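See below for the structure under consideration.
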Amino acid sequence: MSDLLEQRLQQRLDRVLFSKEQIDQRIESMGAEITRDYSGQPLTVITILQGGALFMADLIREIHLPLKLDSVSVSSYEGTESTGRVNFHQSKLPDIDGRHVILLDDILDTGRTLSAISQRFAEECSPLSIKVAVLLSKQVDRAEHVDADYVGFEVGNEFVVGYGLDYNGEYRNIPLIGVLKDEYIQS
Ligand code: 5GP
Ligand code: MG
């Protein structure tokens with residue numbers, strides 16, 4: 001990204017929580033951990049679109065094992081609020097029979113998304129196991145319990161953007177994670 005574009009988008013942030021360097025480092029060590037845990041096993045990494053796309057692209061290059069990739073597309077957020085419903089945007093689920101699965105998402109918040117997806121996978125498919133990796137875990141009381149097996153960073157209960165995380169579809173391409181200035185959030 002050019003310095004100018006980076007500056008223009010980043011001007012909209014009130015605070016930076018995690019820099020590109022911090023994110024890169026954390027993902028490198030998470031990849032090393034996954035490499036150790038799944039050595040010699042049939043592994044499928046499934047990302048939750050759109051938010052998990054950047055995390056997936058960087059994480060899989062730090063997993064030094066043969067693996068398959070897939071994705072599911074769901075949504076539960078409107079603006080800066082969770083609607084409490086998880087909508088699946090496709091009816092066909094990935095083919096994960098007989099494989100270990102790591103589900104990847106950008107952020108664990110209420111837990112509804114990861115819980116709904118793990119439940120559908122467990123009920124409708126026959127994976128060997130399902131684990132969860134998230135770049136961020138929000139410190140909130142979850143509506144649904146989710147065990148996150150790999151967590152990048154803990155964040156407080158605030159709305160964050162960047163590195164895949166959007167506000168009304170935008171800001172996903174900021175290469176770091178931060179909090180938007182109030183003036184850029186429609187009330
Ligand atoms: P959950 O189902 O755990 O409430 O939320 C998961 C989804 O909500 C995430 O995949 C993400 O799309 C969205 N989400 C939750 N918290 C945030 C946040 O702070 N910022 C952004 N941009 N999205 C969030
Ligand atoms: Mg999401």
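Starting from 1 in every chain, residues are counted up; chains themselves are A, B, ... following the order of the structure tokens, and ligands are numbered from 1 as listed.
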Write out as number ranges by chain which residues come within 9 Å of Lys68 in chain A when counting only C-alpha atoms, dropping same-chain ones fewer than 3 positions away. A: 42-46
Store the residues picked out above, limited to N, CA and C atoms, as a PDB file, in the first residue's frame.
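Writing done, so here's selection22.pdb:
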ATOM      1  N   PRO A  42      -4.279 -35.184   8.250  1.00  0.00           N
ATOM      2  CA  PRO A  42      -4.990 -34.526   7.145  1.00  0.00           C
ATOM      3  C   PRO A  42      -5.699 -33.261   7.651  1.00  0.00           C
ATOM      4  N   LEU A  43      -5.233 -32.119   7.201  1.00  0.00           N
ATOM      5  CA  LEU A  43      -5.716 -30.834   7.751  1.00  0.00           C
ATOM      6  C   LEU A  43      -6.450 -30.004   6.692  1.00  0.00           C
ATOM      7  N   THR A  44      -7.614 -29.488   7.065  1.00  0.00           N
ATOM      8  CA  THR A  44      -8.326 -28.509   6.231  1.00  0.00           C
ATOM      9  C   THR A  44      -8.527 -27.237   7.040  1.00  0.00           C
ATOM     10  N   VAL A  45      -8.104 -26.126   6.468  1.00  0.00           N
ATOM     11  CA  VAL A  45      -8.281 -24.826   7.105  1.00  0.00           C
ATOM     12  C   VAL A  45      -9.469 -24.143   6.435  1.00  0.00           C
ATOM     13  N   ILE A  46     -10.447 -23.759   7.244  1.00  0.00           N
ATOM     14  CA  ILE A  46     -11.656 -23.139   6.691  1.00  0.00           C
ATOM     15  C   ILE A  46     -11.796 -21.735   7.247  1.00  0.00           C
TER      16      ILE A  46
END
Report as a PyMOL selection string which protein, DNA and RNA residues come within 6 Å of ligand 1, using only C-alpha atoms and all ligand atoms. chain A and resi 51+77+82+105-113+158-161+165-167
Tell me, which residues of range 75-160 of chain A carry DSSP helix (DSSP H, G or I), written as a ChimeraX atom specification? /A:112-124
Print the selection's residues with all heavy atoms to a file, as an mmCIF file, in the first residue's frame.
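Generated file (again_7.cif):
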data_model
loop_
_atom_site.group_PDB
_atom_site.id
_atom_site.type_symbol
_atom_site.label_atom_id
_atom_site.label_comp_id
_atom_site.auth_asym_id
_atom_site.auth_seq_id
_atom_site.Cartn_x
_atom_site.Cartn_y
_atom_site.Cartn_z
ATOM 1 N N ARG A 112 -21.518 -16.417 18.624
ATOM 2 C CA ARG A 112 -22.607 -17.022 17.845
ATOM 3 C C ARG A 112 -22.125 -17.579 16.504
ATOM 4 O O ARG A 112 -22.535 -18.659 16.101
ATOM 5 C CB ARG A 112 -23.716 -15.996 17.598
ATOM 6 C CG ARG A 112 -24.508 -15.663 18.837
ATOM 7 C CD ARG A 112 -25.793 -14.936 18.484
ATOM 8 N NE ARG A 112 -26.497 -14.527 19.672
ATOM 9 C CZ ARG A 112 -26.428 -13.310 20.213
ATOM 10 N NH1 ARG A 112 -25.682 -12.378 19.645
ATOM 11 N NH2 ARG A 112 -27.102 -13.028 21.307
ATOM 12 N N THR A 113 -21.255 -16.840 15.829
ATOM 13 C CA THR A 113 -20.817 -17.263 14.491
ATOM 14 C C THR A 113 -20.074 -18.594 14.569
ATOM 15 O O THR A 113 -20.436 -19.560 13.893
ATOM 16 C CB THR A 113 -19.876 -16.198 13.876
ATOM 17 O OG1 THR A 113 -20.567 -14.952 13.863
ATOM 18 C CG2 THR A 113 -19.458 -16.565 12.473
ATOM 19 N N LEU A 114 -19.036 -18.639 15.392
ATOM 20 C CA LEU A 114 -18.212 -19.851 15.461
ATOM 21 C C LEU A 114 -18.994 -21.015 16.032
ATOM 22 O O LEU A 114 -18.825 -22.162 15.611
ATOM 23 C CB LEU A 114 -16.941 -19.569 16.257
ATOM 24 C CG LEU A 114 -15.906 -18.807 15.437
ATOM 25 C CD1 LEU A 114 -14.895 -18.106 16.332
ATOM 26 C CD2 LEU A 114 -15.199 -19.749 14.461
ATOM 27 N N SER A 115 -19.875 -20.743 16.974
ATOM 28 C CA SER A 115 -20.675 -21.802 17.553
ATOM 29 C C SER A 115 -21.655 -22.365 16.506
ATOM 30 O O SER A 115 -21.780 -23.586 16.369
ATOM 31 C CB SER A 115 -21.385 -21.243 18.782
ATOM 32 O OG SER A 115 -22.485 -21.977 19.099
ATOM 33 N N ALA A 116 -22.306 -21.493 15.740
ATOM 34 C CA ALA A 116 -23.267 -21.959 14.720
ATOM 35 C C ALA A 116 -22.552 -22.778 13.648
ATOM 36 O O ALA A 116 -23.049 -23.830 13.222
ATOM 37 C CB ALA A 116 -23.988 -20.771 14.083
ATOM 38 N N ILE A 117 -21.369 -22.336 13.229
ATOM 39 C CA ILE A 117 -20.650 -23.053 12.170
ATOM 40 C C ILE A 117 -20.117 -24.390 12.689
ATOM 41 O O ILE A 117 -20.284 -25.426 12.036
ATOM 42 C CB ILE A 117 -19.509 -22.187 11.593
ATOM 43 C CG1 ILE A 117 -20.110 -20.955 10.910
ATOM 44 C CG2 ILE A 117 -18.664 -22.973 10.600
ATOM 45 C CD1 ILE A 117 -19.091 -19.932 10.471
ATOM 46 N N SER A 118 -19.504 -24.396 13.886
ATOM 47 C CA SER A 118 -18.986 -25.667 14.417
ATOM 48 C C SER A 118 -20.119 -26.666 14.579
ATOM 49 O O SER A 118 -19.967 -27.857 14.301
ATOM 50 C CB SER A 118 -18.343 -25.518 15.790
ATOM 51 O OG SER A 118 -17.575 -24.397 15.866
ATOM 52 N N GLN A 119 -21.258 -26.173 15.053
ATOM 53 C CA GLN A 119 -22.402 -27.065 15.261
ATOM 54 C C GLN A 119 -22.885 -27.681 13.950
ATOM 55 O O GLN A 119 -23.120 -28.874 13.863
ATOM 56 C CB GLN A 119 -23.543 -26.266 15.883
ATOM 57 C CG GLN A 119 -24.171 -26.952 17.070
ATOM 58 C CD GLN A 119 -25.075 -25.973 17.798
ATOM 59 O OE1 GLN A 119 -24.757 -24.777 17.928
ATOM 60 N NE2 GLN A 119 -26.207 -26.459 18.243
ATOM 61 N N ARG A 120 -22.994 -26.847 12.915
ATOM 62 C CA ARG A 120 -23.430 -27.384 11.610
ATOM 63 C C ARG A 120 -22.430 -28.391 11.069
ATOM 64 O O ARG A 120 -22.809 -29.434 10.544
ATOM 65 C CB ARG A 120 -23.595 -26.248 10.596
ATOM 66 C CG ARG A 120 -25.023 -25.753 10.540
ATOM 67 C CD ARG A 120 -25.323 -24.990 9.286
ATOM 68 N NE ARG A 120 -25.597 -25.848 8.133
ATOM 69 C CZ ARG A 120 -25.964 -25.363 6.950
ATOM 70 N NH1 ARG A 120 -26.085 -24.054 6.772
ATOM 71 N NH2 ARG A 120 -26.196 -26.175 5.946
ATOM 72 N N PHE A 121 -21.144 -28.088 11.198
ATOM 73 C CA PHE A 121 -20.110 -29.016 10.712
ATOM 74 C C PHE A 121 -20.192 -30.339 11.458
ATOM 75 O O PHE A 121 -20.099 -31.404 10.859
ATOM 76 C CB PHE A 121 -18.716 -28.422 10.911
ATOM 77 C CG PHE A 121 -18.326 -27.396 9.893
ATOM 78 C CD1 PHE A 121 -19.216 -26.985 8.907
ATOM 79 C CD2 PHE A 121 -17.059 -26.823 9.910
ATOM 80 C CE1 PHE A 121 -18.855 -26.033 7.959
ATOM 81 C CE2 PHE A 121 -16.683 -25.881 8.973
ATOM 82 C CZ PHE A 121 -17.584 -25.482 8.000
ATOM 83 N N ALA A 122 -20.348 -30.258 12.775
ATOM 84 C CA ALA A 122 -20.373 -31.478 13.579
ATOM 85 C C ALA A 122 -21.619 -32.303 13.266
ATOM 86 O O ALA A 122 -21.568 -33.533 13.226
ATOM 87 C CB ALA A 122 -20.316 -31.126 15.058
ATOM 88 N N GLU A 123 -22.742 -31.625 13.018
ATOM 89 C CA GLU A 123 -24.002 -32.345 12.771
ATOM 90 C C GLU A 123 -24.103 -32.890 11.352
ATOM 91 O O GLU A 123 -24.615 -33.974 11.118
ATOM 92 C CB GLU A 123 -25.193 -31.413 13.031
ATOM 93 C CG GLU A 123 -25.478 -31.238 14.510
ATOM 94 C CD GLU A 123 -26.465 -30.105 14.771
ATOM 95 O OE1 GLU A 123 -27.118 -29.639 13.807
ATOM 96 O OE2 GLU A 123 -26.561 -29.690 15.933
ATOM 97 N N GLU A 124 -23.625 -32.110 10.373
ATOM 98 C CA GLU A 124 -23.888 -32.464 8.969
ATOM 99 C C GLU A 124 -22.681 -33.066 8.253
ATOM 100 O O GLU A 124 -22.795 -33.491 7.112
ATOM 101 C CB GLU A 124 -24.392 -31.224 8.208
ATOM 102 C CG GLU A 124 -25.704 -30.721 8.783
ATOM 103 C CD GLU A 124 -26.203 -29.446 8.121
ATOM 104 O OE1 GLU A 124 -25.977 -29.277 6.907
ATOM 105 O OE2 GLU A 124 -26.805 -28.620 8.821
#
Name the closest residue to Ala57 in chain A among the candidates A:Glu78, A:Tyr163, A:Val146, A:Gln186; distances are taken between atoms, counting only C-alpha atoms. A:Tyr163
From the set A:Ser129, A:Ser91, A:Ser187, A:Ser75, which residue has the shortest atom-to-atom contact distance to ligand 2, counting only C-alpha atoms and all ligand atoms?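 Of the candidates, the smallest distance to ligand 2 is held by A:Ser75.
Counting only C-alpha atoms and all ligand atoms and comparing A:Ile48, A:Asp14, A:Gly156, A:Glu144, the residue that lies closest to ligand 2 is A:Ile48.
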Do you know which residues are at most 12 Å from Asp24 in chain A counting only C-alpha atoms, after dropping those on the same chain fewer than 3 positions away, and could you put them as a ChimeraX atom specification? /A:18-21,27-31,54-55,57-59,61-62,135,152-153,163,175-177
Save out the residues we just selected, N, CA, C and O atoms, as a CSV table (one decimal), in the first residue's frame.
chain,number,residue,atom,x,y,z
A,18,PHE,N,-2.9,-2.8,17.3
A,18,PHE,CA,-1.9,-3.7,16.9
A,18,PHE,C,-1.3,-3.3,15.6
A,18,PHE,O,-2.0,-3.2,14.6
A,19,SER,N,0.0,-3.2,15.5
A,19,SER,CA,0.7,-2.8,14.3
A,19,SER,C,0.9,-4.0,13.4
A,19,SER,O,0.7,-5.1,13.8
A,20,LYS,N,1.2,-3.7,12.1
A,20,LYS,CA,1.5,-4.7,11.2
A,20,LYS,C,2.6,-5.7,11.7
A,20,LYS,O,2.4,-6.9,11.5
A,21,GLU,N,3.6,-5.1,12.3
A,21,GLU,CA,4.7,-5.9,12.8
A,21,GLU,C,4.2,-6.9,13.9
A,21,GLU,O,4.6,-8.0,13.9
A,27,ILE,N,1.2,-14.1,14.2
A,27,ILE,CA,0.8,-15.1,13.2
A,27,ILE,C,1.9,-16.1,12.9
A,27,ILE,O,1.6,-17.3,12.8
A,28,GLU,N,3.1,-15.6,12.9
A,28,GLU,CA,4.2,-16.5,12.7
A,28,GLU,C,4.3,-17.5,13.8
A,28,GLU,O,4.4,-18.7,13.5
A,29,SER,N,4.1,-17.1,15.1
A,29,SER,CA,4.2,-18.1,16.1
A,29,SER,C,3.0,-19.0,16.2
A,29,SER,O,3.1,-20.2,16.5
A,30,MET,N,1.8,-18.5,15.8
A,30,MET,CA,0.6,-19.3,15.8
A,30,MET,C,0.8,-20.4,14.7
A,30,MET,O,0.4,-21.5,14.9
A,31,GLY,N,1.4,-20.0,13.5
A,31,GLY,CA,1.6,-20.9,12.5
A,31,GLY,C,2.6,-22.0,12.9
A,31,GLY,O,2.4,-23.2,12.6
A,54,LEU,N,-7.8,-12.1,5.3
A,54,LEU,CA,-6.4,-11.6,5.4
A,54,LEU,C,-5.6,-12.5,6.4
A,54,LEU,O,-4.5,-12.9,6.2
A,55,PHE,N,-6.3,-12.8,7.5
A,55,PHE,CA,-5.7,-13.7,8.5
A,55,PHE,C,-5.4,-15.0,7.9
A,55,PHE,O,-4.2,-15.5,8.1
A,57,ALA,N,-4.8,-15.8,4.7
A,57,ALA,CA,-3.7,-15.7,3.7
A,57,ALA,C,-2.4,-15.6,4.4
A,57,ALA,O,-1.4,-16.2,4.0
A,58,ASP,N,-2.3,-14.9,5.5
A,58,ASP,CA,-1.0,-14.8,6.2
A,58,ASP,C,-0.7,-16.0,7.0
A,58,ASP,O,0.5,-16.5,7.1
A,59,LEU,N,-1.7,-16.6,7.7
A,59,LEU,CA,-1.5,-17.7,8.6
A,59,LEU,C,-1.0,-19.0,7.8
A,59,LEU,O,-0.1,-19.7,8.2
A,61,ARG,N,0.6,-19.4,5.3
A,61,ARG,CA,2.0,-19.4,4.8
A,61,ARG,C,3.0,-19.6,5.9
A,61,ARG,O,4.1,-19.8,5.7
A,62,GLU,N,2.4,-19.6,7.2
A,62,GLU,CA,3.3,-19.9,8.3
A,62,GLU,C,3.0,-21.4,8.8
A,62,GLU,O,3.6,-21.8,9.8
A,135,LEU,N,-7.9,-14.4,15.2
A,135,LEU,CA,-6.8,-13.4,15.4
A,135,LEU,C,-7.1,-12.6,16.7
A,135,LEU,O,-6.2,-12.3,17.4
A,152,GLY,N,-4.8,-14.9,18.7
A,152,GLY,CA,-3.8,-14.0,18.4
A,152,GLY,C,-3.6,-13.0,19.6
A,152,GLY,O,-2.6,-13.0,20.3
A,153,PHE,N,-4.6,-12.2,19.8
A,153,PHE,CA,-4.6,-11.1,20.8
A,153,PHE,C,-6.0,-11.0,21.5
A,153,PHE,O,-7.0,-11.2,20.9
A,163,TYR,N,-7.2,-5.0,8.9
A,163,TYR,CA,-6.7,-6.4,8.8
A,163,TYR,C,-7.9,-7.4,8.6
A,163,TYR,O,-8.0,-8.4,9.3
A,175,PRO,N,-3.7,-2.3,7.0
A,175,PRO,CA,-2.8,-3.4,7.4
A,175,PRO,C,-2.6,-3.6,8.9
A,175,PRO,O,-1.7,-4.3,9.3
A,176,LEU,N,-3.3,-2.8,9.7
A,176,LEU,CA,-3.2,-2.9,11.1
A,176,LEU,C,-4.6,-2.9,11.8
A,176,LEU,O,-5.6,-2.7,11.0
A,177,ILE,N,-4.6,-3.0,13.1
A,177,ILE,CA,-5.9,-3.1,13.7
A,177,ILE,C,-6.1,-1.9,14.6
A,177,ILE,O,-5.2,-1.6,15.4
Work out how far CA of Leu49 in chain A is from CA of Cys125 in chain A, in Å to one decimal.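 These atoms are spaced 19.7 Å apart.
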Which residue is closest to ligand 2? Choose from A:Leu67, A:Ala53, A:Ile130, A:Val155 and count only C-alpha atoms and all ligand atoms. A:Ala53
Filtered DSSP result for chain A, state strand (DSSP E or B), as a VMD selection string: chain A and resid 13 to 18 43 to 49 68 to 78 81 to 88 100 to 108 129 to 138 150 to 155 161 to 162 165 167 170 177 to 180
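Closest approach to ligand 2 among A:Leu9, A:Ala32, A:Asn87, A:Ser39 is made by A:Asn87 (distances from only C-alpha atoms and all ligand atoms).
The space between CA of Ile34 in chain A and CA of Asp97 in chain A spans 20.0 Å.
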Using Å and a single decimal, report how far CA of Thr47 in chain A sits from CA of Lys92 in chain A.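 Between these atoms lies a distance of 14.8 Å.
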For Ala148 in chain A, which residue out of A:Val16, A:Val179, A:Ile23, A:Leu103 is the nearest one, using only C-alpha atoms? A:Leu103
